[in-house]
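The next block is start-v1.pdb, given as PDB, C-alpha atoms.
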```
ATOM      1  CA  MET A   1     -72.042  37.282 -38.838
ATOM      2  CA  SER A   2     -72.278  35.025 -35.812
ATOM      3  CA  THR A   3     -69.292  34.240 -33.628
ATOM      4  CA  ARG A   4     -68.114  31.176 -31.795
ATOM      5  CA  ASP A   5     -66.200  31.120 -28.527
ATOM      6  CA  ILE A   6     -62.855  29.362 -28.625
ATOM      7  CA  SER A   7     -60.224  28.610 -26.007
ATOM      8  CA  VAL A   8     -56.598  28.142 -27.005
ATOM      9  CA  THR A   9     -53.274  28.127 -25.228
ATOM     10  CA  VAL A  10     -50.669  30.045 -27.195
ATOM     11  CA  ASN A  11     -47.059  29.958 -26.041
ATOM     12  CA  GLY A  12     -48.265  28.857 -22.618
ATOM     13  CA  VAL A  13     -50.884  31.610 -22.214
ATOM     14  CA  ALA A  14     -54.599  30.727 -22.187
ATOM     15  CA  TYR A  15     -56.914  32.823 -24.363
ATOM     16  CA  GLN A  16     -60.679  32.830 -24.778
ATOM     17  CA  ARG A  17     -62.077  34.800 -27.685
ATOM     18  CA  ALA A  18     -65.238  35.035 -29.755
ATOM     19  CA  VAL A  19     -64.313  34.598 -33.418
ATOM     20  CA  GLU A  20     -66.131  34.425 -36.704
ATOM     21  CA  PRO A  21     -66.151  30.864 -38.050
ATOM     22  CA  ARG A  22     -64.397  32.022 -41.239
ATOM     23  CA  LEU A  23     -61.414  33.636 -39.435
ATOM     24  CA  LEU A  24     -58.158  31.964 -40.434
ATOM     25  CA  LEU A  25     -55.873  30.820 -37.641
ATOM     26  CA  SER A  26     -53.059  32.953 -39.086
ATOM     27  CA  ASP A  27     -55.292  36.036 -38.944
ATOM     28  CA  PHE A  28     -56.396  35.169 -35.404
ATOM     29  CA  LEU A  29     -52.783  34.915 -34.227
ATOM     30  CA  ARG A  30     -51.696  38.097 -35.992
ATOM     31  CA  GLY A  31     -54.765  40.310 -35.760
ATOM     32  CA  THR A  32     -56.565  39.168 -32.650
ATOM     33  CA  LEU A  33     -53.622  38.177 -30.446
ATOM     34  CA  GLY A  34     -51.021  40.521 -31.956
ATOM     35  CA  LEU A  35     -48.499  37.703 -32.535
ATOM     36  CA  THR A  36     -47.136  38.967 -35.826
ATOM     37  CA  GLY A  37     -44.218  36.530 -35.984
ATOM     38  CA  THR A  38     -46.488  34.131 -37.857
ATOM     39  CA  HIS A  39     -46.041  35.491 -41.369
ATOM     40  CA  VAL A  40     -48.610  35.196 -44.133
ATOM     41  CA  GLY A  41     -47.096  34.650 -47.546
ATOM     42  CA  CYS A  42     -48.984  32.682 -50.153
ATOM     43  CA  GLU A  43     -52.204  32.006 -48.185
ATOM     44  CA  HIS A  44     -52.343  28.597 -49.883
ATOM     45  CA  GLY A  45     -50.093  26.551 -47.575
ATOM     46  CA  VAL A  46     -47.287  26.396 -50.127
ATOM     47  CA  CYS A  47     -44.614  28.737 -48.737
ATOM     48  CA  GLY A  48     -44.498  27.658 -45.077
ATOM     49  CA  ALA A  49     -44.124  31.210 -43.703
ATOM     50  CA  CYS A  50     -47.144  30.703 -41.428
ATOM     51  CA  THR A  51     -45.955  27.423 -39.900
ATOM     52  CA  ILE A  52     -46.802  26.996 -36.224
ATOM     53  CA  LEU A  53     -46.954  24.016 -33.877
ATOM     54  CA  LEU A  54     -50.447  22.798 -33.063
ATOM     55  CA  ASP A  55     -50.447  20.279 -30.237
ATOM     56  CA  GLY A  56     -46.787  19.660 -31.051
ATOM     57  CA  ASP A  57     -47.115  19.153 -34.805
ATOM     58  CA  SER A  58     -46.160  21.675 -37.468
ATOM     59  CA  VAL A  59     -49.134  22.997 -39.432
ATOM     60  CA  ARG A  60     -49.862  25.861 -41.798
ATOM     61  CA  ALA A  61     -51.880  28.480 -39.927
ATOM     62  CA  CYS A  62     -53.237  29.865 -43.218
ATOM     63  CA  LEU A  63     -54.969  26.554 -43.961
ATOM     64  CA  MET A  64     -56.916  26.343 -40.703
ATOM     65  CA  PHE A  65     -59.780  28.269 -39.252
ATOM     66  CA  ALA A  66     -59.331  29.569 -35.723
ATOM     67  CA  VAL A  67     -62.374  27.548 -34.613
ATOM     68  CA  GLN A  68     -60.543  24.364 -35.606
ATOM     69  CA  ALA A  69     -57.890  25.151 -32.998
ATOM     70  CA  ASP A  70     -60.431  25.314 -30.158
ATOM     71  CA  GLY A  71     -58.990  23.479 -27.157
ATOM     72  CA  CYS A  72     -55.522  23.191 -28.710
ATOM     73  CA  ARG A  73     -52.030  24.183 -27.644
ATOM     74  CA  ILE A  74     -50.331  26.480 -30.145
ATOM     75  CA  ASP A  75     -46.667  27.416 -30.251
ATOM     76  CA  THR A  76     -45.511  30.313 -32.403
ATOM     77  CA  VAL A  77     -42.073  31.730 -33.067
ATOM     78  CA  GLU A  78     -42.617  34.237 -30.252
ATOM     79  CA  GLY A  79     -42.578  31.327 -27.800
ATOM     80  CA  LEU A  80     -39.152  30.001 -28.817
ATOM     81  CA  GLY A  81     -36.987  32.609 -27.134
ATOM     82  CA  ARG A  82     -36.473  36.291 -26.522
ATOM     83  CA  ILE A  83     -33.910  38.890 -27.498
ATOM     84  CA  GLY A  84     -30.943  38.158 -25.283
ATOM     85  CA  GLN A  85     -32.344  34.695 -24.515
ATOM     86  CA  LEU A  86     -32.512  32.914 -27.855
ATOM     87  CA  ASN A  87     -33.115  29.188 -27.838
ATOM     88  CA  ALA A  88     -30.435  26.915 -29.329
ATOM     89  CA  LEU A  89     -32.013  26.869 -32.798
ATOM     90  CA  GLN A  90     -32.457  30.636 -32.953
ATOM     91  CA  GLN A  91     -28.884  31.122 -31.737
ATOM     92  CA  SER A  92     -27.622  28.734 -34.390
ATOM     93  CA  PHE A  93     -29.564  30.603 -37.105
ATOM     94  CA  HIS A  94     -27.891  33.789 -35.875
ATOM     95  CA  GLU A  95     -24.396  32.270 -35.746
ATOM     96  CA  HIS A  96     -24.690  30.643 -39.181
ATOM     97  CA  HIS A  97     -26.283  33.681 -40.870
ATOM     98  CA  ALA A  98     -29.293  31.536 -41.744
ATOM     99  CA  LEU A  99     -31.523  34.440 -42.660
ATOM    100  CA  GLN A 100     -31.473  37.395 -44.955
ATOM    101  CA  CYS A 101     -34.748  39.236 -45.391
ATOM    102  CA  GLY A 102     -36.218  37.184 -42.520
ATOM    103  CA  PHE A 103     -39.674  36.661 -44.000
ATOM    104  CA  CYS A 104     -39.392  32.866 -44.096
ATOM    105  CA  THR A 105     -37.457  32.622 -40.832
ATOM    106  CA  PRO A 106     -40.378  32.117 -38.399
ATOM    107  CA  GLY A 107     -41.767  29.277 -40.508
ATOM    108  CA  MET A 108     -38.306  27.758 -40.929
ATOM    109  CA  LEU A 109     -37.709  27.908 -37.171
ATOM    110  CA  MET A 110     -41.051  26.305 -36.344
ATOM    111  CA  THR A 111     -40.614  23.572 -38.964
ATOM    112  CA  ALA A 112     -37.068  22.888 -37.758
ATOM    113  CA  THR A 113     -38.282  22.757 -34.145
ATOM    114  CA  ASP A 114     -40.722  20.026 -35.128
ATOM    115  CA  LEU A 115     -38.101  18.169 -37.195
ATOM    116  CA  LEU A 116     -35.516  18.266 -34.402
ATOM    117  CA  LYS A 117     -38.056  16.833 -31.986
ATOM    118  CA  LYS A 118     -39.170  13.963 -34.222
ATOM    119  CA  TYR A 119     -36.337  12.907 -36.514
ATOM    120  CA  PRO A 120     -32.628  12.124 -36.226
ATOM    121  CA  LEU A 121     -31.741  14.376 -39.206
ATOM    122  CA  ALA A 122     -28.606  12.336 -39.769
ATOM    123  CA  SER A 123     -27.735  13.979 -43.085
ATOM    124  CA  ASP A 124     -28.094  17.257 -44.906
ATOM    125  CA  ASP A 125     -30.427  15.486 -47.330
ATOM    126  CA  GLU A 126     -32.767  14.624 -44.437
ATOM    127  CA  ILE A 127     -32.711  18.234 -43.251
ATOM    128  CA  ARG A 128     -33.431  19.470 -46.781
ATOM    129  CA  GLU A 129     -36.266  16.976 -47.174
ATOM    130  CA  GLY A 130     -37.768  18.132 -43.885
ATOM    131  CA  LEU A 131     -37.592  21.763 -44.992
ATOM    132  CA  SER A 132     -38.894  21.079 -48.496
ATOM    133  CA  GLY A 133     -42.266  22.642 -47.700
ATOM    134  CA  ASN A 134     -40.718  25.961 -46.687
ATOM    135  CA  LEU A 135     -39.697  28.432 -49.365
ATOM    136  CA  CYS A 136     -36.890  30.961 -49.075
ATOM    137  CA  ARG A 137     -36.050  33.357 -51.883
ATOM    138  CA  CYS A 138     -32.884  34.791 -50.357
ATOM    139  CA  THR A 139     -30.570  32.274 -48.729
ATOM    140  CA  GLY A 140     -30.218  29.276 -51.003
ATOM    141  CA  TYR A 141     -30.798  27.195 -47.850
ATOM    142  CA  GLU A 142     -27.096  26.422 -47.248
ATOM    143  CA  HIS A 143     -26.859  28.446 -44.055
ATOM    144  CA  ILE A 144     -30.243  27.233 -42.823
ATOM    145  CA  VAL A 145     -29.136  23.611 -43.244
ATOM    146  CA  ALA A 146     -25.838  24.386 -41.521
ATOM    147  CA  ALA A 147     -27.644  25.973 -38.578
ATOM    148  CA  ILE A 148     -29.907  22.960 -38.119
ATOM    149  CA  ARG A 149     -26.981  20.550 -38.560
ATOM    150  CA  ALA A 150     -25.115  22.399 -35.770
ATOM    151  CA  VAL A 151     -28.074  21.932 -33.408
ATOM    152  CA  VAL A 152     -28.262  18.233 -34.321
ATOM    153  CA  LYS A 153     -24.544  17.843 -33.526
ATOM    154  CA  GLU A 154     -24.899  19.715 -30.238
ATOM    155  CA  LYS A 155     -27.829  17.508 -29.188
ATOM    156  CA  ALA A 156     -25.739  14.413 -29.940
ATOM    157  CA  ARG A 157     -23.033  15.470 -27.464
TER     158      ARG A 157
END
```
What would you get if you wrote out this structure as structure tokens?
Amino acid sequence: MSTRDISVTVNGVAYQRAVEPRLLLSDFLRGTLGLTGTHVGCEHGVCGACTILLDGDSVRACLMFAVQADGCRIDTVEGLGRIGQLNALQQSFHEHHALQCGFCTPGMLMTATDLLKKYPLASDDEIREGLSGNLCRCTGYEHIVAAIRAVVKEKAR
């Protein structure tokens, strides 16, 4: 199969790779770049586990081909913070016990990052609505909502 050269910036690092046109963006991030924080769940865009930021907007990496991201800026969960240097949202997830198995957590964090940037999230209902495209089988969402609410309150100070 033929390949196509793409250039992307992922978490601030520029990459140029030759990829097959059929390669999914989620598979490119995980397999080609080794950024395994982008989880693949349903592969139909329903669960939200593969959510990343593409040019600042949350998207499902399993619904895009890598060639569609040519020239784009991509942010994955690996770019949010590091062990010992968590960003405010990651720290709040930790403090509020907003994860259990952790499979949905990267997608939740990336979706919440986008929501916090774009919306006031003045109520728990607004937070829940914003997260409605992300599925979690473990937490019941209460702690996730609490973690995001805490970041909203801290930003308001």
Residues near stretch 4-16 of chain A, anyone? I mean within 9 Å using only C-alpha atoms, not counting same-chain ones fewer than 5 positions away, as a tab-separated table (two decimals) with C-alpha atoms, in the coordinates of the input.
```tsv
chain	number	residue	atom	x	y	z
A	21	PRO	CA	-66.15	30.86	-38.05
A	29	LEU	CA	-52.78	34.92	-34.23
A	33	LEU	CA	-53.62	38.18	-30.45
A	66	ALA	CA	-59.33	29.57	-35.72
A	67	VAL	CA	-62.37	27.55	-34.61
A	68	GLN	CA	-60.54	24.36	-35.61
A	69	ALA	CA	-57.89	25.15	-33.00
A	70	ASP	CA	-60.43	25.31	-30.16
A	71	GLY	CA	-58.99	23.48	-27.16
A	72	CYS	CA	-55.52	23.19	-28.71
A	73	ARG	CA	-52.03	24.18	-27.64
A	74	ILE	CA	-50.33	26.48	-30.14
A	75	ASP	CA	-46.67	27.42	-30.25
A	76	THR	CA	-45.51	30.31	-32.40
A	77	VAL	CA	-42.07	31.73	-33.07
A	78	GLU	CA	-42.62	34.24	-30.25
A	79	GLY	CA	-42.58	31.33	-27.80
A	80	LEU	CA	-39.15	30.00	-28.82
```
**Request:** Could you check how far atom CA of A:Glu126 sits from atom CA of A:Ala61, in Å to one decimal?
**Result:**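 Going from atom CA of A:Glu126 over to atom CA of A:Ala61 covers 24.0 Å.
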**Item:** Nearest residue to A:Phe103 from the set A:Met64, A:Ala147, A:Ala88, A:Cys42 (distances using only C-alpha atoms)
**Value:**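 Going through A:Met64, A:Ala147, A:Ala88, A:Cys42 one by one, the smallest distance to A:Phe103 is for A:Cys42.
Between atom CA of A:Gly45 and atom CA of A:Leu86 lies a distance of 27.2 Å.
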**Request:** Enter the distance from atom CA of A:Thr139 to atom CA of A:Arg157, in Å, rounded to one decimal.
**Result:** 28.1 Å
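The residues returned by the PyMOL selection byres ((chain A and resi 106) around 7) for this structure are Gly37, Thr38, Ala49, Val77, Cys104, Thr105, Gly107, Met108, Leu109 and Met110 of chain A.
Residues matched by the PyMOL selection byres ((chain A and resi 43) around 10) in this file: Leu24, Ser26, His39, Val40, Gly41, Cys42, His44, Gly45, Val46, Cys47, Gly48, Ala49, Cys50, Arg60, Ala61, Cys62 and Leu63 of chain A.
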**Request:** Compare A:Arg30, A:Arg128, A:Arg137, A:Arg82 by their minimum atom-to-atom distance to A:Arg149, counting only C-alpha atoms, and give me the closest one.
**Result:**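 Distance minimum relative to A:Arg149 lands on A:Arg128.
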**Spatial sel., origin (-41.9, 15.8, -32.4), limit 10 Å, only C-alpha atoms, listed as a VMD selection string** = chain A and resid 53 55 to 58 113 to 119
Once you add 8 Å to each side, what are the centre and edge lengths of the axis-aligned box holding all listed atoms of stretch 147-155 of chain A? One decimal in Å, as lines of an AutoDock Vina configuration file, if you can.
```
center_x = -27.2
center_y = 21.7
center_z = -33.9
size_x = 21.4
size_y = 24.5
size_z = 25.4
```
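Distances to A:Asp124 were evaluated for A:His143, A:Leu23, A:Leu35, A:Val59 using all atoms listed in the file, and the minimum falls at A:His143.
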Identify, on the basis of only C-alpha atoms, every residue whose closest approach to A:Ala112 does not exceed 9 Å; exclude the query and any residue fewer than 5 positions from it along the same chain; express the result as a short mmCIF file (atom, residue, chain, number, x, y, z; two decimals) with C-alpha atoms, in the coordinates of the input.
```cif
data_model
loop_
_atom_site.label_atom_id
_atom_site.label_comp_id
_atom_site.auth_asym_id
_atom_site.auth_seq_id
_atom_site.Cartn_x
_atom_site.Cartn_y
_atom_site.Cartn_z
CA LEU A 89 -32.01 26.87 -32.80
CA GLY A 107 -41.77 29.28 -40.51
CA LYS A 117 -38.06 16.83 -31.99
CA ILE A 127 -32.71 18.23 -43.25
CA GLY A 130 -37.77 18.13 -43.88
CA LEU A 131 -37.59 21.76 -44.99
CA ILE A 148 -29.91 22.96 -38.12
#
```
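With distances restricted to only C-alpha atoms, A:Ala146 is the closest residue to A:His94 from A:Leu135, A:Ala146, A:Leu54, A:Val152.
Distances here use all atoms listed in the file; by that measure, the residue among A:Lys153, A:Thr111, A:Ser2, A:Gln90 closest to A:Gly133 is A:Thr111.
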